[in-house]
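Source file start.tsv; content: TSV, N, CA and C atoms and all ligand atoms.
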chain	number	residue	atom	x	y	z
X	1	ALA	N	-25.78	274.41	-36.14
X	1	ALA	CA	-26.76	273.74	-36.98
X	1	ALA	C	-26.46	272.24	-37.05
X	2	LEU	N	-25.17	271.89	-37.18
X	2	LEU	CA	-24.82	270.46	-37.24
X	2	LEU	C	-25.14	269.77	-35.93
X	3	THR	N	-24.92	270.46	-34.81
X	3	THR	CA	-25.24	269.88	-33.50
X	3	THR	C	-26.74	269.64	-33.41
X	4	LYS	N	-27.53	270.63	-33.80
X	4	LYS	CA	-29.00	270.49	-33.77
X	4	LYS	C	-29.47	269.33	-34.62
X	5	ALA	N	-28.75	269.10	-35.72
X	5	ALA	CA	-29.12	268.01	-36.63
X	5	ALA	C	-28.58	266.66	-36.15
X	6	GLY	N	-27.86	266.67	-35.01
X	6	GLY	CA	-27.38	265.42	-34.45
X	6	GLY	C	-25.99	265.01	-34.90
X	7	PHE	N	-25.24	265.95	-35.48
X	7	PHE	CA	-23.90	265.63	-35.96
X	7	PHE	C	-22.87	266.53	-35.28
X	8	SER	N	-22.77	266.45	-33.96
X	8	SER	CA	-21.93	267.39	-33.23
X	8	SER	C	-20.44	267.10	-33.33
X	9	ASP	N	-20.06	265.91	-33.76
X	9	ASP	CA	-18.62	265.64	-33.80
X	9	ASP	C	-18.16	265.10	-35.15
X	10	MET	N	-18.85	265.48	-36.19
X	10	MET	CA	-18.43	264.99	-37.51
X	10	MET	C	-17.32	265.87	-38.08
X	11	ASP	N	-16.46	265.28	-38.92
X	11	ASP	CA	-15.44	266.05	-39.62
X	11	ASP	C	-16.11	266.96	-40.63
X	12	ILE	N	-15.54	268.15	-40.79
X	12	ILE	CA	-16.05	269.09	-41.79
X	12	ILE	C	-15.03	269.19	-42.92
X	13	ILE	N	-15.48	268.93	-44.13
X	13	ILE	CA	-14.63	269.05	-45.31
X	13	ILE	C	-15.25	270.09	-46.23
X	14	VAL	N	-14.50	271.16	-46.50
X	14	VAL	CA	-14.98	272.19	-47.41
X	14	VAL	C	-14.52	271.79	-48.81
X	15	GLY	N	-15.47	271.47	-49.65
X	15	GLY	CA	-15.16	270.93	-50.97
X	15	GLY	C	-14.72	271.96	-51.97
X	16	ARG	N	-14.99	273.24	-51.71
X	16	ARG	CA	-14.70	274.23	-52.73
X	16	ARG	C	-14.82	275.62	-52.10
X	17	ALA	N	-13.69	276.35	-52.06
X	17	ALA	CA	-13.73	277.72	-51.56
X	17	ALA	C	-12.78	278.57	-52.38
X	18	GLY	N	-13.28	279.64	-52.94
X	18	GLY	CA	-12.45	280.50	-53.77
X	18	GLY	C	-13.19	281.78	-54.12
X	19	TRP	N	-12.50	282.63	-54.90
X	19	TRP	CA	-13.08	283.90	-55.31
X	19	TRP	C	-12.66	284.20	-56.74
X	20	PRO	N	-13.60	284.53	-57.63
X	20	PRO	CA	-13.22	284.80	-59.02
X	20	PRO	C	-12.59	286.19	-59.17
X	21	THR	N	-11.84	286.37	-60.26
X	21	THR	CA	-11.14	287.64	-60.50
X	21	THR	C	-11.72	288.42	-61.68
X	22	ASP	N	-12.76	287.88	-62.30
X	22	ASP	CA	-13.33	288.59	-63.44
X	22	ASP	C	-14.76	288.07	-63.65
X	23	GLY	N	-15.55	288.82	-64.36
X	23	GLY	CA	-16.86	288.34	-64.77
X	23	GLY	C	-18.00	288.72	-63.84
X	24	ALA	N	-17.74	289.51	-62.80
X	24	ALA	CA	-18.80	289.99	-61.91
X	24	ALA	C	-18.31	291.27	-61.24
X	25	VAL	N	-19.24	291.99	-60.64
X	25	VAL	CA	-18.92	293.32	-60.08
X	25	VAL	C	-17.73	293.25	-59.12
X	26	ASN	N	-17.76	292.37	-58.16
X	26	ASN	CA	-16.69	292.32	-57.15
X	26	ASN	C	-15.69	291.20	-57.42
X	27	ALA	N	-15.63	290.76	-58.65
X	27	ALA	CA	-14.66	289.71	-59.01
X	27	ALA	C	-13.39	290.40	-59.49
X	28	THR	N	-12.49	290.71	-58.54
X	28	THR	CA	-11.22	291.36	-58.88
X	28	THR	C	-10.08	290.60	-58.21
X	29	SER	N	-8.88	290.79	-58.74
X	29	SER	CA	-7.70	290.15	-58.15
X	29	SER	C	-7.48	290.64	-56.72
X	30	ALA	N	-7.72	291.92	-56.47
X	30	ALA	CA	-7.50	292.47	-55.13
X	30	ALA	C	-8.43	291.82	-54.11
X	31	ILE	N	-9.70	291.67	-54.46
X	31	ILE	CA	-10.65	291.06	-53.52
X	31	ILE	C	-10.37	289.56	-53.40
X	32	ALA	N	-10.00	288.92	-54.51
X	32	ALA	CA	-9.66	287.49	-54.46
X	32	ALA	C	-8.45	287.27	-53.54
X	33	GLN	N	-7.44	288.12	-53.66
X	33	GLN	CA	-6.26	288.00	-52.80
X	33	GLN	C	-6.64	288.16	-51.34
X	34	SER	N	-7.49	289.14	-51.07
X	34	SER	CA	-7.94	289.38	-49.69
X	34	SER	C	-8.71	288.17	-49.17
X	35	PHE	N	-9.61	287.62	-49.98
X	35	PHE	CA	-10.41	286.47	-49.57
X	35	PHE	C	-9.51	285.26	-49.31
X	36	MET	N	-8.62	284.95	-50.27
X	36	MET	CA	-7.80	283.75	-50.14
X	36	MET	C	-6.82	283.89	-48.97
X	37	THR	N	-6.26	285.08	-48.76
X	37	THR	CA	-5.36	285.29	-47.63
X	37	THR	C	-6.11	285.10	-46.32
X	38	GLY	N	-7.32	285.66	-46.23
X	38	GLY	CA	-8.13	285.48	-45.03
X	38	GLY	C	-8.49	284.02	-44.81
X	39	LEU	N	-8.83	283.32	-45.89
X	39	LEU	CA	-9.18	281.90	-45.78
X	39	LEU	C	-7.99	281.08	-45.30
X	40	VAL	N	-6.84	281.28	-45.92
X	40	VAL	CA	-5.63	280.51	-45.55
X	40	VAL	C	-5.25	280.82	-44.09
X	41	ASN	N	-5.29	282.08	-43.72
X	41	ASN	CA	-4.96	282.44	-42.33
X	41	ASN	C	-5.96	281.83	-41.34
X	42	HIS	N	-7.22	281.86	-41.70
X	42	HIS	CA	-8.24	281.26	-40.85
X	42	HIS	C	-8.00	279.76	-40.69
X	43	LEU	N	-7.71	279.09	-41.79
X	43	LEU	CA	-7.47	277.65	-41.74
X	43	LEU	C	-6.22	277.34	-40.91
X	44	ALA	N	-5.20	278.18	-41.00
X	44	ALA	CA	-3.97	277.96	-40.24
X	44	ALA	C	-4.22	278.06	-38.74
X	45	ARG	N	-5.17	278.89	-38.35
X	45	ARG	CA	-5.50	279.03	-36.91
X	45	ARG	C	-6.29	277.83	-36.40
X	46	LYS	N	-6.83	277.03	-37.31
X	46	LYS	CA	-7.64	275.86	-36.94
X	46	LYS	C	-8.72	276.23	-35.93
X	47	SER	N	-9.32	277.38	-36.13
X	47	SER	CA	-10.36	277.81	-35.21
X	47	SER	C	-11.73	277.62	-35.86
X	48	GLY	N	-12.70	277.33	-35.04
X	48	GLY	CA	-14.05	277.11	-35.52
X	48	GLY	C	-14.93	278.31	-35.29
X	49	THR	N	-16.06	278.07	-34.65
X	49	THR	CA	-17.01	279.14	-34.38
X	49	THR	C	-16.88	279.54	-32.91
X	50	PRO	N	-17.43	280.71	-32.53
X	50	PRO	CA	-17.38	281.10	-31.10
X	50	PRO	C	-17.95	280.02	-30.19
X	51	LEU	N	-19.05	279.39	-30.60
X	51	LEU	CA	-19.67	278.34	-29.78
X	51	LEU	C	-18.81	277.08	-29.75
X	52	ARG	N	-18.21	276.76	-30.87
X	52	ARG	CA	-17.42	275.52	-31.00
X	52	ARG	C	-16.05	275.87	-31.55
X	53	PRO	N	-15.16	276.39	-30.67
X	53	PRO	CA	-13.86	276.88	-31.14
X	53	PRO	C	-13.01	275.84	-31.87
X	54	LYS	N	-13.22	274.58	-31.56
X	54	LYS	CA	-12.40	273.55	-32.22
X	54	LYS	C	-13.12	272.90	-33.41
X	55	PHE	N	-14.27	273.45	-33.77
X	55	PHE	CA	-15.08	272.89	-34.85
X	55	PHE	C	-14.61	273.49	-36.18
X	56	ALA	N	-13.39	273.16	-36.57
X	56	ALA	CA	-12.79	273.73	-37.79
X	56	ALA	C	-12.77	272.67	-38.89
X	57	PRO	N	-12.73	273.11	-40.14
X	57	PRO	CA	-12.65	272.13	-41.23
X	57	PRO	C	-11.40	271.28	-41.11
X	58	THR	N	-11.55	269.98	-41.35
X	58	THR	CA	-10.38	269.10	-41.35
X	58	THR	C	-9.70	269.09	-42.72
X	59	GLU	N	-10.45	269.38	-43.76
X	59	GLU	CA	-9.89	269.51	-45.11
X	59	GLU	C	-10.62	270.64	-45.81
X	60	THR	N	-9.87	271.41	-46.58
X	60	THR	CA	-10.47	272.47	-47.39
X	60	THR	C	-9.80	272.46	-48.76
X	61	TYR	N	-10.59	272.46	-49.79
X	61	TYR	CA	-10.08	272.46	-51.16
X	61	TYR	C	-10.25	273.85	-51.77
X	62	LEU	N	-9.11	274.43	-52.20
X	62	LEU	CA	-9.14	275.75	-52.81
X	62	LEU	C	-9.65	275.62	-54.25
X	63	TYR	N	-10.55	276.50	-54.59
X	63	TYR	CA	-11.09	276.52	-55.94
X	63	TYR	C	-10.76	277.85	-56.56
X	64	SER	N	-9.80	277.90	-57.44
X	64	SER	CA	-9.23	276.79	-58.16
X	64	SER	C	-7.77	277.13	-58.46
X	65	LEU	N	-6.99	276.16	-58.86
X	65	LEU	CA	-5.60	276.43	-59.21
X	65	LEU	C	-5.52	277.29	-60.47
X	66	LEU	N	-6.28	276.92	-61.48
X	66	LEU	CA	-6.18	277.57	-62.80
X	66	LEU	C	-7.53	278.06	-63.28
X	67	ASP	N	-7.52	279.16	-64.03
X	67	ASP	CA	-8.72	279.56	-64.75
X	67	ASP	C	-9.10	278.45	-65.73
X	68	GLU	N	-10.36	278.38	-66.03
X	68	GLU	CA	-10.85	277.33	-66.94
X	68	GLU	C	-11.65	277.99	-68.05
X	69	ASP	N	-10.98	278.22	-69.19
X	69	ASP	CA	-11.65	278.97	-70.24
X	69	ASP	C	-12.67	278.16	-71.04
X	70	GLN	N	-12.85	276.90	-70.66
X	70	GLN	CA	-13.90	276.10	-71.28
X	70	GLN	C	-15.04	275.84	-70.29
X	71	HIS	N	-14.94	276.37	-69.07
X	71	HIS	CA	-15.95	276.11	-68.04
X	71	HIS	C	-17.30	276.69	-68.47
X	72	SER	N	-18.35	276.01	-68.11
X	72	SER	CA	-19.69	276.52	-68.39
X	72	SER	C	-19.88	277.89	-67.75
X	73	ILE	N	-20.54	278.78	-68.48
X	73	ILE	CA	-20.86	280.09	-67.92
X	73	ILE	C	-22.37	280.21	-67.70
X	74	ALA	N	-23.02	279.06	-67.50
X	74	ALA	CA	-24.47	279.06	-67.30
X	74	ALA	C	-24.85	279.92	-66.09
X	75	THR	N	-24.01	279.95	-65.06
X	75	THR	CA	-24.32	280.75	-63.88
X	75	THR	C	-23.69	282.14	-63.94
X	76	GLY	N	-22.79	282.37	-64.91
X	76	GLY	CA	-22.13	283.66	-65.05
X	76	GLY	C	-20.72	283.47	-65.55
X	77	SER	N	-20.19	284.49	-66.25
X	77	SER	CA	-18.85	284.33	-66.82
X	77	SER	C	-17.76	284.29	-65.76
X	78	TYR	N	-18.08	284.72	-64.54
X	78	TYR	CA	-17.11	284.64	-63.44
X	78	TYR	C	-16.65	283.21	-63.19
X	79	ASP	N	-17.47	282.23	-63.58
X	79	ASP	CA	-17.14	280.82	-63.30
X	79	ASP	C	-15.87	280.37	-64.01
X	80	ARG	N	-15.39	281.13	-64.98
X	80	ARG	CA	-14.14	280.78	-65.67
X	80	ARG	C	-12.93	281.42	-65.02
X	81	HIS	N	-13.13	282.19	-63.97
X	81	HIS	CA	-12.03	283.02	-63.45
X	81	HIS	C	-11.75	282.80	-61.97
X	82	TYR	N	-11.92	281.58	-61.49
X	82	TYR	CA	-11.62	281.28	-60.09
X	82	TYR	C	-10.15	280.94	-59.87
X	83	GLY	N	-9.36	280.82	-60.93
X	83	GLY	CA	-7.97	280.38	-60.77
X	83	GLY	C	-7.11	281.35	-59.97
X	84	ILE	N	-6.22	280.78	-59.17
X	84	ILE	CA	-5.16	281.58	-58.55
X	84	ILE	C	-4.16	281.94	-59.66
X	85	PHE	N	-4.05	281.06	-60.64
X	85	PHE	CA	-3.22	281.30	-61.83
X	85	PHE	C	-4.12	281.43	-63.04
X	86	MET	N	-3.65	282.21	-64.03
X	86	MET	CA	-4.33	282.23	-65.31
X	86	MET	C	-4.17	280.85	-65.96
X	87	PHE	N	-4.87	280.63	-67.05
X	87	PHE	CA	-4.86	279.30	-67.70
X	87	PHE	C	-3.44	278.85	-68.05
X	88	ASP	N	-2.52	279.82	-68.26
X	88	ASP	CA	-1.17	279.46	-68.69
X	88	ASP	C	-0.15	279.50	-67.56
X	89	GLY	N	-0.63	279.49	-66.33
X	89	GLY	CA	0.29	279.35	-65.20
X	89	GLY	C	0.88	280.65	-64.68
X	90	GLN	N	0.32	281.79	-65.05
X	90	GLN	CA	0.80	283.07	-64.53
X	90	GLN	C	-0.06	283.44	-63.32
X	91	ALA	N	0.61	283.68	-62.18
X	91	ALA	CA	-0.13	284.00	-60.95
X	91	ALA	C	-0.89	285.31	-61.11
X	92	LYS	N	-2.12	285.33	-60.61
X	92	LYS	CA	-2.94	286.54	-60.72
X	92	LYS	C	-2.82	287.44	-59.50
X	93	TYR	N	-2.40	286.85	-58.37
X	93	TYR	CA	-2.22	287.64	-57.15
X	93	TYR	C	-1.35	286.84	-56.20
X	94	HIS	N	-1.03	287.44	-55.08
X	94	HIS	CA	-0.18	286.75	-54.12
X	94	HIS	C	-1.03	286.12	-53.02
X	95	VAL	N	-0.73	284.88	-52.70
X	95	VAL	CA	-1.30	284.25	-51.52
X	95	VAL	C	-0.27	283.25	-51.02
X	96	ASN	N	-0.15	283.15	-49.71
X	96	ASN	CA	0.83	282.23	-49.10
X	96	ASN	C	0.22	280.84	-49.02
X	97	LEU	N	0.65	279.97	-49.92
X	97	LEU	CA	0.18	278.59	-49.92
X	97	LEU	C	1.21	277.67	-49.29
X	98	GLY	N	2.05	278.25	-48.44
X	98	GLY	CA	3.09	277.48	-47.78
X	98	GLY	C	4.49	277.92	-48.19
X	99	GLN	N	4.58	278.81	-49.18
X	99	GLN	CA	5.89	279.27	-49.64
X	99	GLN	C	6.34	280.52	-48.89
X	100	GLY	N	5.54	280.97	-47.92
X	100	GLY	CA	5.90	282.16	-47.14
X	100	GLY	C	5.73	283.42	-47.96
X	101	PRO	N	6.59	284.42	-47.70
X	101	PRO	CA	6.43	285.71	-48.38
X	101	PRO	C	6.89	285.70	-49.84
X	102	MET	N	7.51	284.60	-50.30
X	102	MET	CA	7.93	284.54	-51.70
X	102	MET	C	6.71	284.56	-52.61
X	103	ALA	N	6.88	285.16	-53.76
X	103	ALA	CA	5.80	285.18	-54.74
X	103	ALA	C	5.54	283.78	-55.25
X	104	LEU	N	4.31	283.53	-55.67
X	104	LEU	CA	4.02	282.27	-56.36
X	104	LEU	C	4.84	282.26	-57.65
X	105	LYS	N	5.28	281.09	-58.05
X	105	LYS	CA	6.11	280.99	-59.25
X	105	LYS	C	5.24	280.89	-60.49
X	106	ASN	N	5.50	281.77	-61.43
X	106	ASN	CA	4.81	281.67	-62.71
X	106	ASN	C	5.43	280.55	-63.54
X	107	ALA	N	4.63	279.93	-64.36
X	107	ALA	CA	5.15	278.97	-65.32
X	107	ALA	C	6.08	279.71	-66.28
X	108	LEU	N	7.22	279.08	-66.59
X	108	LEU	CA	8.19	279.70	-67.50
X	108	LEU	C	8.16	279.01	-68.85
X	109	ASP	N	8.53	279.75	-69.88
X	109	ASP	CA	8.69	279.20	-71.23
X	109	ASP	C	7.50	278.34	-71.64
X	110	VAL	N	6.32	278.88	-71.43
X	110	VAL	CA	5.12	278.12	-71.77
X	110	VAL	C	5.04	277.97	-73.29
X	111	ASP	N	4.95	276.75	-73.75
X	111	ASP	CA	4.73	276.49	-75.17
X	111	ASP	C	3.23	276.48	-75.40
X	112	TYR	N	2.75	277.41	-76.16
X	112	TYR	CA	1.32	277.44	-76.45
X	112	TYR	C	1.07	276.51	-77.64
X	113	LEU	N	0.42	275.40	-77.35
X	113	LEU	CA	0.18	274.39	-78.38
X	113	LEU	C	-0.99	274.79	-79.25
X	114	PRO	N	-1.01	274.27	-80.47
X	114	PRO	CA	-2.18	274.53	-81.32
X	114	PRO	C	-3.45	274.08	-80.61
X	115	SER	N	-4.52	274.78	-80.84
X	115	SER	CA	-5.74	274.52	-80.08
X	115	SER	C	-6.30	273.12	-80.33
X	116	LYS	N	-5.82	272.44	-81.40
X	116	LYS	CA	-6.34	271.10	-81.64
X	116	LYS	C	-5.89	270.13	-80.55
X	117	TRP	N	-4.84	270.48	-79.77
X	117	TRP	CA	-4.37	269.62	-78.70
X	117	TRP	C	-5.14	269.89	-77.43
X	118	SER	N	-5.24	268.88	-76.62
X	118	SER	CA	-5.88	269.06	-75.33
X	118	SER	C	-4.91	269.78	-74.40
X	119	TRP	N	-5.16	271.06	-74.16
X	119	TRP	CA	-4.23	271.82	-73.31
X	119	TRP	C	-4.55	271.60	-71.84
X	120	LEU	N	-5.65	270.93	-71.57
X	120	LEU	CA	-5.98	270.67	-70.17
X	120	LEU	C	-4.85	269.91	-69.49
X	121	ALA	N	-4.29	268.90	-70.17
X	121	ALA	CA	-3.24	268.08	-69.56
X	121	ALA	C	-1.98	268.89	-69.32
X	122	TRP	N	-1.50	269.65	-70.32
X	122	TRP	CA	-0.24	270.35	-70.14
X	122	TRP	C	-0.31	271.45	-69.11
X	123	LYS	N	-1.45	272.10	-69.00
X	123	LYS	CA	-1.50	273.19	-68.02
X	123	LYS	C	-1.44	272.64	-66.60
X	124	CYS	N	-2.02	271.48	-66.37
X	124	CYS	CA	-1.92	270.88	-65.04
X	124	CYS	C	-0.49	270.50	-64.72
X	125	VAL	N	0.22	269.94	-65.69
X	125	VAL	CA	1.61	269.53	-65.48
X	125	VAL	C	2.48	270.74	-65.16
X	126	ILE	N	2.31	271.80	-65.93
X	126	ILE	CA	3.13	273.00	-65.72
X	126	ILE	C	2.92	273.54	-64.31
X	127	CYS	N	1.69	273.66	-63.87
X	127	CYS	CA	1.46	274.27	-62.57
X	127	CYS	C	1.92	273.36	-61.44
X	128	LEU	N	1.77	272.07	-61.59
X	128	LEU	CA	2.26	271.17	-60.54
X	128	LEU	C	3.77	271.27	-60.44
X	129	GLN	N	4.45	271.38	-61.61
X	129	GLN	CA	5.91	271.54	-61.58
X	129	GLN	C	6.29	272.80	-60.83
X	130	GLN	N	5.52	273.85	-61.02
X	130	GLN	CA	5.85	275.13	-60.39
X	130	GLN	C	5.53	275.16	-58.91
X	131	LEU	N	4.49	274.46	-58.51
X	131	LEU	CA	4.05	274.54	-57.13
X	131	LEU	C	4.79	273.60	-56.20
X	132	LEU	N	5.17	272.42	-56.72
X	132	LEU	CA	5.79	271.44	-55.85
X	132	LEU	C	7.18	271.91	-55.47
X	133	PRO	N	7.57	271.70	-54.21
X	133	PRO	CA	8.91	272.12	-53.80
X	133	PRO	C	9.97	271.35	-54.58
X	134	ALA	N	11.09	272.02	-54.86
X	134	ALA	CA	12.20	271.35	-55.56
X	134	ALA	C	12.73	270.21	-54.69
X	135	ALA	N	13.10	269.12	-55.34
X	135	ALA	CA	13.59	267.94	-54.59
X	135	ALA	C	14.94	268.25	-53.94
X	201	LIG	C1	-19.72	294.53	-54.14
X	201	LIG	O1	-19.07	294.90	-52.96
X	201	LIG	C2	-19.69	295.98	-52.27
X	201	LIG	C3	-18.79	296.33	-51.12
X	201	LIG	O2	-18.59	295.23	-50.27
X	201	LIG	C4	-21.09	295.56	-51.85
X	201	LIG	O3	-21.72	296.63	-51.20
X	201	LIG	C5	-21.88	295.18	-53.07
X	201	LIG	O4	-23.14	294.66	-52.67
X	201	LIG	C6	-21.15	294.12	-53.88
X	201	LIG	N1	-21.87	293.90	-55.14
X	201	LIG	C7	-22.23	292.68	-55.52
X	201	LIG	C8	-22.96	292.61	-56.83
X	201	LIG	O5	-21.98	291.67	-54.88
Go ahead and render the structure in this file as structure tokens.
Amino acid sequence: ALTKAGFSDMDIIVGRAGWPTDGAVNATSAIAQSFMTGLVNHLARKSGTPLRPKFAPTETYLYSLLDEDQHSIATGSYDRHYGIFMFDGQAKYHVNLGQGPMALKNALDVDYLPSKWSWLAWKCVICLQQLLPAA
């Protein structure tokens, strides 16, 4: 389709790819794990389509690191459950994001702050600490 539209050699960036784990019939951790594992493996092969084997995405953004319990549910409650981790940094399933066969690390000793605080900031910090390789 891109070739027909005159864009045969443009970079492809996938802005959002993920699978929810709750809020819809097929929104389960098992299916999300299967989807994300297939996606990561596909991206690792850097393969495109049968017609254009090298026409693979140059960048892909996984949606999402964390569940978002304040996300709009205008399209469905599943929209709050795309996280690989729950809102508090606990992994919902296994996927190899570069750590190999090791399990994803859950956030430890999570301090649950009073709801008057913006927990958006702390949850991002906790998960980045857990995901980034130790120095
Ligand atoms: C759920 O998954 C099954 C099996 O793949 C499929 O047949 C069905 O259409 C799906 N349901 C929805 C609502 O997507």
If you count only C-alpha atoms and all ligand atoms, which residues end up within 9 Å of ligand LIG 201 (chain X), as a ChimeraX atom specification? /X:24-27
If you count all atoms listed in the file, which residues fall within 8 Å of Asp79 (chain X), apart from same-chain ones fewer than 6 positions away, as a PyMOL selection string? chain X and resi 20-24+67-73
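Note that the spacing between CA of Thr3 (chain X) and atom C of Tyr61 (chain X) amounts to 24.0 Å.
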Quick one: residues within 7 Å of Met36 (chain X), all atoms listed in the file, excluding same-chain residues fewer than 4 positions away - as a compact mmCIF listing (two decimals) with N, CA and C atoms, in the coordinates of the input?
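Generated file (around.txt):
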# COMPACT_ATOMS: atom_id res chain seq x y z
N GLY X 18 -13.28 279.64 -52.94
CA GLY X 18 -12.45 280.50 -53.77
C GLY X 18 -13.19 281.78 -54.12
N TRP X 19 -12.50 282.63 -54.90
CA TRP X 19 -13.08 283.90 -55.31
C TRP X 19 -12.66 284.20 -56.74
N ILE X 31 -9.70 291.67 -54.46
CA ILE X 31 -10.65 291.06 -53.52
C ILE X 31 -10.37 289.56 -53.40
N ALA X 32 -10.00 288.92 -54.51
CA ALA X 32 -9.66 287.49 -54.46
C ALA X 32 -8.45 287.27 -53.54
N VAL X 40 -6.84 281.28 -45.92
CA VAL X 40 -5.63 280.51 -45.55
C VAL X 40 -5.25 280.82 -44.09
N ASN X 41 -5.29 282.08 -43.72
CA ASN X 41 -4.96 282.44 -42.33
C ASN X 41 -5.96 281.83 -41.34
N VAL X 95 -0.73 284.88 -52.70
CA VAL X 95 -1.30 284.25 -51.52
C VAL X 95 -0.27 283.25 -51.02
N ASN X 96 -0.15 283.15 -49.71
CA ASN X 96 0.83 282.23 -49.10
C ASN X 96 0.22 280.84 -49.02
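The space separating CA of Gly89 (chain X) from CA of Tyr112 (chain X) comes to 11.5 Å.
Atom C of Asp88 (chain X) is found 23.7 Å from CA of Thr60 (chain X).
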Per DSSP on the backbone, filter chain X down to the residues in strand (DSSP E) and report them as a PyMOL selection string. chain X and resi 13-17+59-62
